[in-house]
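*Asks:* Structure below; questions to follow.
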Amino acid sequence: MHKQSLILQQKAPKNINELDQAFQLIDQKLDAPSSQLLLMKTRYISIDPIMRVWISGARTYLPALQQNDIIHAFTLSSPVDNQNDIYFGPAGLQTHFLYDKTNKKKQLIKVPRQMLQLLQKCELQNSNLLTIILNGLPAYYGLVDFCKIQKGQRVVISASAGATGLFCIQLALNMQCDVIGFTGDIEKIKFLQNQFPNLRIINYKSDDWDKQIEDNSVDCYFDNVGEYMLEKMIQKMRKNGKIALCGSMGSSSNYSERQGLSNMNQIIYKRLKLKGITFNQELNKIQAAFDYLFQQFQQKKLRIFQEEYNQLSDTPKALKRLFKGENIGKIIINLDNQTKL
């Protein structure tokens with residue numbers, strides 16, 4: 001058995017067009033599994049903005065990547081001899097791997113069978129589970145659990161045409177909030193206008209974008225950008241407003257030289273509440289989150305927008321598209337129908 005892997009050749013260049021230089025696709029022979037090892041096949045790979053931070057060599061909640069390391073990525077995978085079982089976790093950019101099922105520090109979580117049945121009931125694909133976990137859960141934790149959005153409240157969402165942003169838009173609109181979404185691309189503006197007529201869209205690349213929202217008028221801000229946009233939005237928040245911090249794409253290309261905020265004093269006198277949001281932060285609330293999301297799927301109030309590539313070698317191309325902001329919704333590498341190596 002052979003596998004393909006994408007390893008870190010060098011730290012990510014600042015020029016996105018040179019991104020291929022950071023990767024090397026290698027072919028390796030896999031040893032035969034022992035009784036305690038499962039031979040796993042990667043079925044779906046999630047392409048996420050944080051991958052730009054990982055390939056810069058920065059340490060996050062996953063170890064810092066060194067040269068020749070397999071690049072981090074969240075995946076859905078299955079034992080080669082049992083495709084009915086699906087595991088979620090950070091298995092990385094590789095087509096196959098050996099998994100120690102006796103390891104007490106397991107990084108992979110077996111997806112409950114009832115959840116797979118729910119996907120089918122909602123007419124969703126297995127690959128959609130990656131989007132629900134990595135993007136739907138943060139949207140729920142940020143807007144429903146933390147901000148506790150209510151009918152009529154003003155909710156602002158940055159990177160609103162991204163995978164998490166699209167979940168946020170739908171959850172807030174379903175709650176009958178006054179929803180404003182930021183995006184900087186004309187095609188994305190058209191897409192959002194067509195899909196969500198009740199959404200107010202602001203092009204953050206326009207000179208007066210920040211003047212299109214009144215000061216002291218926002219109840220909840222779901223932030224996927226950070227930096228300059230977060231600073232401007234602090235000015236727009238009402239007293240006792242809440243800000244869900246889910247991403248920092250504004251500094252992901254220059255991770256080591258972030259600028260920070262100059263208006264921290266407004267956080268104090270407005271008595272704002274800020275909270276970092278990740279998909280895996282509220283394990284005691286995960287069942288409530290899934291119940292909430294799947295109920296909306298069943299009621300046809302929630303949709304998933306997803307783009308797919310079909311080869312591991314497509315990953316640099318998919319990442320370029322993501323880092324340039326050309327994607328709408330989630331990007332997935334779908335290896336499910338790939339022939340055996």
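Naming scheme: A, B, ... for chains in displayed order of the structure tokens; residues 1 onward per chain; ligands 1 onward as shown.
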Segment 124-130 of chain A: which residues within 7 Å, counting only C-alpha atoms, same-chain residues fewer than 3 positions away excluded, as JSON, numbers by chain?
*Replies:* {"A": [44, 46, 119, 120, 133, 134]}
*Asks:* Suppose we keep N, CA, C and O atoms; can you now write the selection as an mmCIF file, in the first residue's frame?
*Replies:*
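Wrote it out as selection.cif, contents follow:
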```
data_model
loop_
_atom_site.group_PDB
_atom_site.id
_atom_site.type_symbol
_atom_site.label_atom_id
_atom_site.label_comp_id
_atom_site.auth_asym_id
_atom_site.auth_seq_id
_atom_site.Cartn_x
_atom_site.Cartn_y
_atom_site.Cartn_z
ATOM 1 N N TYR A 44 -12.394 13.067 2.948
ATOM 2 C CA TYR A 44 -12.651 14.486 2.699
ATOM 3 C C TYR A 44 -11.686 15.318 3.531
ATOM 4 O O TYR A 44 -11.424 15.011 4.693
ATOM 5 N N SER A 46 -10.772 19.340 4.742
ATOM 6 C CA SER A 46 -11.271 20.713 4.872
ATOM 7 C C SER A 46 -10.153 21.703 4.571
ATOM 8 O O SER A 46 -9.053 21.600 5.110
ATOM 9 N N LEU A 119 -27.740 13.144 8.640
ATOM 10 C CA LEU A 119 -27.288 13.748 7.390
ATOM 11 C C LEU A 119 -28.150 13.273 6.228
ATOM 12 O O LEU A 119 -28.597 14.064 5.389
ATOM 13 N N GLN A 120 -28.382 11.956 6.179
ATOM 14 C CA GLN A 120 -29.204 11.400 5.104
ATOM 15 C C GLN A 120 -30.631 11.924 5.181
ATOM 16 O O GLN A 120 -31.248 12.264 4.150
ATOM 17 N N ILE A 133 -19.279 20.845 11.322
ATOM 18 C CA ILE A 133 -18.430 20.829 12.520
ATOM 19 C C ILE A 133 -17.562 22.082 12.585
ATOM 20 O O ILE A 133 -17.524 22.788 13.597
ATOM 21 N N LEU A 134 -16.833 22.366 11.508
ATOM 22 C CA LEU A 134 -15.805 23.414 11.543
ATOM 23 C C LEU A 134 -16.362 24.819 11.365
ATOM 24 O O LEU A 134 -15.718 25.790 11.772
#
```
*Asks:* Assign secondary structure with DSSP using the backbone only, and return the residues of segment 120-171 of chain A in strand (DSSP E) as a list in words.
*Replies:*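 Of segment 120-171 of chain A, only Arg154, Val155, Val156 and Ile157 of chain A fall in strand (DSSP E).
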*Asks:* Env of Lys232 of chain A: 10 Å cut, atoms = only C-alpha atoms, seq-sep filter 6 positions within chain, self excluded. Answer as a list in words.
*Replies:* Asp210, Lys211, Asp215, Gly226, Leu261 and Asn263 of chain A
*Asks:* Find the residue from A:Leu293, A:Ile86, A:Ile304, A:Ile328 that sits nearest to Lys110 of chain A; use only C-alpha atoms when measuring.
*Replies:*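 Ranking A:Leu293, A:Ile86, A:Ile304, A:Ile328 by distance to Lys110 of chain A, first place goes to A:Ile86.
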*Asks:* Near Pro316 of chain A, within 10 Å and counting only C-alpha atoms, which residues show up once chain neighbours fewer than 3 positions away are dropped, as an mmCIF file with C-alpha atoms, in the first residue's frame?
*Replies:*
```cif
data_model
loop_
_atom_site.group_PDB
_atom_site.id
_atom_site.type_symbol
_atom_site.label_atom_id
_atom_site.label_comp_id
_atom_site.auth_asym_id
_atom_site.auth_seq_id
_atom_site.Cartn_x
_atom_site.Cartn_y
_atom_site.Cartn_z
ATOM 1 C CA LEU A 6 1.694 16.946 1.079
ATOM 2 C CA ILE A 16 0.099 33.912 -2.667
ATOM 3 C CA ASN A 17 1.007 33.175 -6.311
ATOM 4 C CA GLU A 18 4.197 31.501 -5.072
ATOM 5 C CA LEU A 19 2.326 29.262 -2.656
ATOM 6 C CA ASP A 20 3.220 26.070 -4.548
ATOM 7 C CA GLN A 21 6.798 26.490 -3.323
ATOM 8 C CA ALA A 22 5.660 25.720 0.219
ATOM 9 C CA PHE A 23 4.422 22.228 -0.708
ATOM 10 C CA GLN A 24 5.918 18.988 -1.911
ATOM 11 C CA ILE A 47 -9.486 23.729 3.373
ATOM 12 C CA LEU A 312 -4.695 15.832 -3.063
ATOM 13 C CA SER A 313 -2.474 17.616 -5.604
ATOM 14 C CA LEU A 319 -5.605 27.266 -0.946
ATOM 15 C CA LYS A 320 -4.715 30.007 -3.441
ATOM 16 C CA ARG A 321 -8.385 30.443 -4.216
ATOM 17 C CA LEU A 322 -9.202 30.629 -0.507
#
```
*Asks:* Residues near Ile267 of chain A, anyone? I mean within 12 Å using only C-alpha atoms, not counting same-chain ones fewer than 2 positions away, as an mmCIF file with all heavy atoms, in the first residue's frame.
*Replies:*
```cif
data_model
loop_
_atom_site.group_PDB
_atom_site.id
_atom_site.type_symbol
_atom_site.label_atom_id
_atom_site.label_comp_id
_atom_site.auth_asym_id
_atom_site.auth_seq_id
_atom_site.Cartn_x
_atom_site.Cartn_y
_atom_site.Cartn_z
ATOM 1 N N LEU A 230 -11.966 45.023 13.095
ATOM 2 C CA LEU A 230 -12.395 44.895 14.482
ATOM 3 C C LEU A 230 -12.324 46.246 15.191
ATOM 4 O O LEU A 230 -13.238 46.626 15.934
ATOM 5 C CB LEU A 230 -11.525 43.867 15.205
ATOM 6 C CG LEU A 230 -11.752 43.716 16.711
ATOM 7 C CD1 LEU A 230 -13.198 43.332 17.018
ATOM 8 C CD2 LEU A 230 -10.783 42.674 17.280
ATOM 9 N N GLU A 231 -11.258 46.993 14.954
ATOM 10 C CA GLU A 231 -11.107 48.300 15.587
ATOM 11 C C GLU A 231 -12.245 49.238 15.194
ATOM 12 O O GLU A 231 -12.816 49.937 16.036
ATOM 13 C CB GLU A 231 -9.754 48.908 15.209
ATOM 14 C CG GLU A 231 -9.457 50.212 15.908
ATOM 15 C CD GLU A 231 -8.003 50.634 15.715
ATOM 16 O OE1 GLU A 231 -7.098 49.852 16.044
ATOM 17 O OE2 GLU A 231 -7.794 51.749 15.227
ATOM 18 N N LYS A 232 -12.591 49.242 13.905
ATOM 19 C CA LYS A 232 -13.689 50.089 13.448
ATOM 20 C C LYS A 232 -15.020 49.641 14.045
ATOM 21 O O LYS A 232 -15.863 50.467 14.422
ATOM 22 C CB LYS A 232 -13.777 50.061 11.921
ATOM 23 C CG LYS A 232 -12.631 50.759 11.204
ATOM 24 C CD LYS A 232 -12.757 52.273 11.308
ATOM 25 C CE LYS A 232 -11.724 52.971 10.446
ATOM 26 N NZ LYS A 232 -11.827 54.458 10.549
ATOM 27 N N MET A 233 -15.212 48.339 14.164
ATOM 28 C CA MET A 233 -16.488 47.837 14.636
ATOM 29 C C MET A 233 -16.690 48.065 16.130
ATOM 30 O O MET A 233 -17.834 48.178 16.588
ATOM 31 C CB MET A 233 -16.617 46.349 14.301
ATOM 32 C CG MET A 233 -16.943 46.073 12.834
ATOM 33 S SD MET A 233 -18.397 46.976 12.238
ATOM 34 C CE MET A 233 -19.642 46.387 13.393
ATOM 35 N N ILE A 234 -15.619 48.139 16.888
ATOM 36 C CA ILE A 234 -15.743 48.461 18.311
ATOM 37 C C ILE A 234 -16.449 49.812 18.473
ATOM 38 O O ILE A 234 -17.263 50.016 19.372
ATOM 39 C CB ILE A 234 -14.361 48.453 18.991
ATOM 40 C CG1 ILE A 234 -13.882 47.010 19.158
ATOM 41 C CG2 ILE A 234 -14.390 49.167 20.340
ATOM 42 C CD1 ILE A 234 -12.453 46.876 19.634
ATOM 43 N N GLN A 235 -16.137 50.727 17.560
ATOM 44 C CA GLN A 235 -16.771 52.057 17.580
ATOM 45 C C GLN A 235 -18.265 51.967 17.287
ATOM 46 O O GLN A 235 -19.049 52.811 17.737
ATOM 47 C CB GLN A 235 -16.079 52.939 16.543
ATOM 48 C CG GLN A 235 -16.559 54.381 16.500
ATOM 49 C CD GLN A 235 -15.766 55.193 15.480
ATOM 50 O OE1 GLN A 235 -14.605 54.907 15.202
ATOM 51 N NE2 GLN A 235 -16.408 56.204 14.927
ATOM 52 N N LYS A 236 -18.671 50.947 16.543
ATOM 53 C CA LYS A 236 -20.072 50.818 16.135
ATOM 54 C C LYS A 236 -20.933 50.100 17.172
ATOM 55 O O LYS A 236 -22.160 50.094 17.052
ATOM 56 C CB LYS A 236 -20.158 50.053 14.802
ATOM 57 C CG LYS A 236 -19.283 50.594 13.689
ATOM 58 C CD LYS A 236 -19.639 52.018 13.323
ATOM 59 C CE LYS A 236 -18.695 52.590 12.266
ATOM 60 N NZ LYS A 236 -19.034 53.999 11.937
ATOM 61 N N MET A 237 -20.309 49.492 18.172
ATOM 62 C CA MET A 237 -21.042 48.664 19.124
ATOM 63 C C MET A 237 -21.861 49.502 20.103
ATOM 64 O O MET A 237 -21.437 50.575 20.547
ATOM 65 C CB MET A 237 -20.080 47.781 19.916
ATOM 66 C CG MET A 237 -19.243 46.831 19.073
ATOM 67 S SD MET A 237 -20.221 45.673 18.097
ATOM 68 C CE MET A 237 -21.047 44.744 19.376
ATOM 69 N N ARG A 238 -23.032 48.988 20.449
ATOM 70 C CA ARG A 238 -23.823 49.581 21.533
ATOM 71 C C ARG A 238 -23.162 49.249 22.879
ATOM 72 O O ARG A 238 -22.341 48.332 22.976
ATOM 73 C CB ARG A 238 -25.227 48.986 21.557
ATOM 74 C CG ARG A 238 -26.086 49.226 20.339
ATOM 75 C CD ARG A 238 -27.477 48.665 20.625
ATOM 76 N NE ARG A 238 -28.252 48.529 19.401
ATOM 77 C CZ ARG A 238 -29.001 49.479 18.872
ATOM 78 N NH1 ARG A 238 -29.050 50.665 19.456
ATOM 79 N NH2 ARG A 238 -29.692 49.265 17.765
ATOM 80 N N LYS A 239 -23.550 49.949 23.919
ATOM 81 C CA LYS A 239 -23.117 49.572 25.254
ATOM 82 C C LYS A 239 -23.630 48.163 25.568
ATOM 83 O O LYS A 239 -24.750 47.800 25.194
ATOM 84 C CB LYS A 239 -23.637 50.566 26.292
ATOM 85 C CG LYS A 239 -22.871 51.880 26.293
ATOM 86 C CD LYS A 239 -23.309 52.783 27.433
ATOM 87 C CE LYS A 239 -22.458 54.063 27.444
ATOM 88 N NZ LYS A 239 -22.858 54.983 28.541
ATOM 89 N N ASN A 240 -22.791 47.378 26.223
ATOM 90 C CA ASN A 240 -23.100 45.987 26.585
ATOM 91 C C ASN A 240 -23.214 45.079 25.359
ATOM 92 O O ASN A 240 -23.760 43.975 25.456
ATOM 93 C CB ASN A 240 -24.373 45.889 27.429
ATOM 94 C CG ASN A 240 -24.274 46.685 28.722
ATOM 95 O OD1 ASN A 240 -23.342 46.490 29.495
ATOM 96 N ND2 ASN A 240 -25.214 47.596 28.932
ATOM 97 N N GLY A 241 -22.679 45.551 24.215
ATOM 98 C CA GLY A 241 -22.669 44.717 23.025
ATOM 99 C C GLY A 241 -21.698 43.553 23.167
ATOM 100 O O GLY A 241 -20.849 43.522 24.062
ATOM 101 N N LYS A 242 -21.823 42.585 22.243
ATOM 102 C CA LYS A 242 -20.990 41.391 22.296
ATOM 103 C C LYS A 242 -20.284 41.172 20.960
ATOM 104 O O LYS A 242 -20.884 41.358 19.899
ATOM 105 C CB LYS A 242 -21.828 40.166 22.647
ATOM 106 C CG LYS A 242 -22.429 40.237 24.054
ATOM 107 C CD LYS A 242 -23.262 39.001 24.357
ATOM 108 C CE LYS A 242 -23.848 39.073 25.766
ATOM 109 N NZ LYS A 242 -24.670 37.886 26.082
ATOM 110 N N ILE A 243 -19.016 40.769 21.058
ATOM 111 C CA ILE A 243 -18.211 40.509 19.863
ATOM 112 C C ILE A 243 -17.674 39.090 19.938
ATOM 113 O O ILE A 243 -16.940 38.732 20.875
ATOM 114 C CB ILE A 243 -17.047 41.499 19.742
ATOM 115 C CG1 ILE A 243 -17.579 42.932 19.651
ATOM 116 C CG2 ILE A 243 -16.185 41.169 18.523
ATOM 117 C CD1 ILE A 243 -16.488 43.997 19.605
ATOM 118 N N LEU A 261 -5.079 46.681 18.727
ATOM 119 C CA LEU A 261 -6.137 47.687 18.742
ATOM 120 C C LEU A 261 -5.667 48.959 19.417
ATOM 121 O O LEU A 261 -4.939 48.924 20.407
ATOM 122 C CB LEU A 261 -7.360 47.147 19.489
ATOM 123 C CG LEU A 261 -7.957 45.837 18.971
ATOM 124 C CD1 LEU A 261 -9.041 45.359 19.921
ATOM 125 C CD2 LEU A 261 -8.510 46.004 17.567
ATOM 126 N N SER A 262 -6.139 50.098 18.893
ATOM 127 C CA SER A 262 -5.796 51.388 19.511
ATOM 128 C C SER A 262 -6.954 51.958 20.322
ATOM 129 O O SER A 262 -6.803 52.997 20.963
ATOM 130 C CB SER A 262 -5.385 52.397 18.429
ATOM 131 O OG SER A 262 -6.485 52.684 17.585
ATOM 132 N N ASN A 263 -8.117 51.310 20.279
ATOM 133 C CA ASN A 263 -9.288 51.858 20.983
ATOM 134 C C ASN A 263 -9.793 50.889 22.056
ATOM 135 O O ASN A 263 -10.998 50.718 22.247
ATOM 136 C CB ASN A 263 -10.411 52.205 20.002
ATOM 137 C CG ASN A 263 -10.856 51.004 19.166
ATOM 138 O OD1 ASN A 263 -10.210 49.962 19.152
ATOM 139 N ND2 ASN A 263 -11.977 51.161 18.475
ATOM 140 N N MET A 264 -8.873 50.289 22.772
ATOM 141 C CA MET A 264 -9.242 49.390 23.860
ATOM 142 C C MET A 264 -10.109 50.086 24.905
ATOM 143 O O MET A 264 -10.928 49.456 25.574
ATOM 144 C CB MET A 264 -7.974 48.840 24.523
ATOM 145 C CG MET A 264 -7.192 47.854 23.674
ATOM 146 S SD MET A 264 -7.976 46.244 23.590
ATOM 147 C CE MET A 264 -7.731 45.669 25.265
ATOM 148 N N ASN A 265 -9.923 51.388 25.055
ATOM 149 C CA ASN A 265 -10.698 52.120 26.067
ATOM 150 C C ASN A 265 -12.195 52.022 25.810
ATOM 151 O O ASN A 265 -13.007 52.028 26.747
ATOM 152 C CB ASN A 265 -10.261 53.589 26.121
ATOM 153 C CG ASN A 265 -10.472 54.299 24.789
ATOM 154 O OD1 ASN A 265 -10.151 53.746 23.739
ATOM 155 N ND2 ASN A 265 -10.999 55.509 24.823
ATOM 156 N N TYR A 269 -15.383 51.344 28.505
ATOM 157 C CA TYR A 269 -16.500 52.211 28.888
ATOM 158 C C TYR A 269 -17.820 51.819 28.231
ATOM 159 O O TYR A 269 -18.901 52.204 28.706
ATOM 160 C CB TYR A 269 -16.175 53.700 28.710
ATOM 161 C CG TYR A 269 -16.065 54.235 27.307
ATOM 162 C CD1 TYR A 269 -17.196 54.419 26.518
ATOM 163 C CD2 TYR A 269 -14.838 54.638 26.798
ATOM 164 C CE1 TYR A 269 -17.104 54.943 25.244
ATOM 165 C CE2 TYR A 269 -14.739 55.171 25.527
ATOM 166 C CZ TYR A 269 -15.866 55.326 24.754
ATOM 167 O OH TYR A 269 -15.778 55.846 23.488
ATOM 168 N N LYS A 270 -17.750 51.036 27.145
ATOM 169 C CA LYS A 270 -18.990 50.490 26.581
ATOM 170 C C LYS A 270 -19.386 49.170 27.250
ATOM 171 O O LYS A 270 -20.445 48.617 26.947
ATOM 172 C CB LYS A 270 -18.836 50.260 25.070
ATOM 173 C CG LYS A 270 -18.839 51.525 24.241
ATOM 174 C CD LYS A 270 -18.872 51.187 22.759
ATOM 175 C CE LYS A 270 -18.997 52.433 21.898
ATOM 176 N NZ LYS A 270 -19.108 52.104 20.455
ATOM 177 N N ARG A 271 -18.497 48.672 28.117
ATOM 178 C CA ARG A 271 -18.732 47.406 28.812
ATOM 179 C C ARG A 271 -19.023 46.280 27.816
ATOM 180 O O ARG A 271 -19.953 45.469 27.983
ATOM 181 C CB ARG A 271 -19.877 47.552 29.819
ATOM 182 C CG ARG A 271 -19.589 48.585 30.901
ATOM 183 C CD ARG A 271 -20.660 48.595 31.976
ATOM 184 N NE ARG A 271 -21.921 49.127 31.490
ATOM 185 C CZ ARG A 271 -22.204 50.435 31.390
ATOM 186 N NH1 ARG A 271 -21.307 51.339 31.752
ATOM 187 N NH2 ARG A 271 -23.388 50.830 30.957
ATOM 188 N N LEU A 272 -18.186 46.212 26.753
ATOM 189 C CA LEU A 272 -18.354 45.181 25.732
ATOM 190 C C LEU A 272 -17.865 43.836 26.249
ATOM 191 O O LEU A 272 -16.948 43.757 27.071
ATOM 192 C CB LEU A 272 -17.582 45.560 24.468
ATOM 193 C CG LEU A 272 -17.924 46.897 23.810
ATOM 194 C CD1 LEU A 272 -17.076 47.100 22.560
ATOM 195 C CD2 LEU A 272 -19.400 46.972 23.470
ATOM 196 N N LYS A 273 -18.485 42.797 25.735
ATOM 197 C CA LYS A 273 -18.039 41.443 26.034
ATOM 198 C C LYS A 273 -17.468 40.836 24.762
ATOM 199 O O LYS A 273 -18.136 40.814 23.724
ATOM 200 C CB LYS A 273 -19.193 40.601 26.554
ATOM 201 C CG LYS A 273 -19.701 41.041 27.923
ATOM 202 C CD LYS A 273 -20.820 40.134 28.413
ATOM 203 C CE LYS A 273 -21.318 40.588 29.777
ATOM 204 N NZ LYS A 273 -22.426 39.737 30.270
ATOM 205 N N LEU A 274 -16.216 40.358 24.839
ATOM 206 C CA LEU A 274 -15.551 39.714 23.713
ATOM 207 C C LEU A 274 -15.233 38.274 24.096
ATOM 208 O O LEU A 274 -14.859 37.995 25.237
ATOM 209 C CB LEU A 274 -14.249 40.435 23.350
ATOM 210 C CG LEU A 274 -14.341 41.761 22.588
ATOM 211 C CD1 LEU A 274 -14.873 42.864 23.487
ATOM 212 C CD2 LEU A 274 -12.984 42.142 22.014
#
```
*Asks:* Extract, using only C-alpha atoms, all DNA, RNA and protein residues at most 12 Å from Met175 of chain A, discarding same-chain residues fewer than 4 positions from it, and format them as a count of residues only.
*Replies:* 18
*Asks:* Have a look at A:Val218, A:Ala163, A:Val80, A:Ala73 and name the one nearest to Ile180 of chain A; count only C-alpha atoms.
*Replies:*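 Of A:Val218, A:Ala163, A:Val80, A:Ala73, the one nearest Ile180 of chain A, counting only C-alpha atoms, is A:Val218.
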*Asks:* When distances are computed from only C-alpha atoms, which of A:Ile332, A:Ile202, A:Leu98, A:Ile7 shows the smallest separation from Gln36 of chain A?
*Replies:*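 So, comparing all the options, the nearest one is A:Leu98.
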*Asks:* Can you tell me, as number ranges by chain, what residues are no more than 10 Å from Ile189 of chain A when counting only C-alpha atoms, ignoring any on the same chain fewer than 4 positions away?
*Replies:* A: 160-161, 181-185, 193-195, 200-203
*Asks:* Take the residues that were just selected and, keeping C-alpha atoms, output them as an mmCIF file, in the first residue's frame.
*Replies:*
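Okay, again-v9.cif is ready:
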```
data_model
loop_
_atom_site.group_PDB
_atom_site.id
_atom_site.type_symbol
_atom_site.label_atom_id
_atom_site.label_comp_id
_atom_site.auth_asym_id
_atom_site.auth_seq_id
_atom_site.Cartn_x
_atom_site.Cartn_y
_atom_site.Cartn_z
ATOM 1 C CA SER A 160 -19.896 36.936 5.179
ATOM 2 C CA ALA A 161 -19.495 34.871 1.986
ATOM 3 C CA GLY A 181 -22.631 41.325 5.972
ATOM 4 C CA PHE A 182 -19.186 42.500 4.859
ATOM 5 C CA THR A 183 -17.549 41.317 1.674
ATOM 6 C CA GLY A 184 -15.079 42.880 -0.764
ATOM 7 C CA ASP A 185 -15.876 41.138 -4.032
ATOM 8 C CA GLN A 193 -28.038 39.569 -2.897
ATOM 9 C CA ASN A 194 -29.536 36.679 -4.874
ATOM 10 C CA GLN A 195 -29.466 34.213 -1.993
ATOM 11 C CA ARG A 200 -27.773 44.329 3.887
ATOM 12 C CA ILE A 201 -24.353 44.047 2.247
ATOM 13 C CA ILE A 202 -21.426 46.439 2.635
ATOM 14 C CA ASN A 203 -18.369 46.339 0.393
#
```
*Asks:* For each of A:Asp100, A:Lys188, A:Pro138, A:Glu282, take the minimum atom-to-atom distance to Leu245 of chain A, counting only C-alpha atoms, then give the residue where this is smallest.
*Replies:*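 Nearest candidate to Leu245 of chain A out of A:Asp100, A:Lys188, A:Pro138, A:Glu282: A:Pro138.
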*Asks:* Based on the backbone DSSP call, show me all residues of segment 147-288 of chain A assigned helix (DSSP H, G or I), as number ranges by chain.
*Replies:* A: 163-174, 186-195, 209-212, 227-236, 249-257, 264-269, 283-288
*Asks:* So the first atom is atom CA of Phe294 of chain A and the second is atom CA of Glu307 of chain A; what is the distance between them in Å, to one decimal place?
*Replies:*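 Taking atom CA of Phe294 of chain A and atom CA of Glu307 of chain A, their separation equals 21.0 Å.
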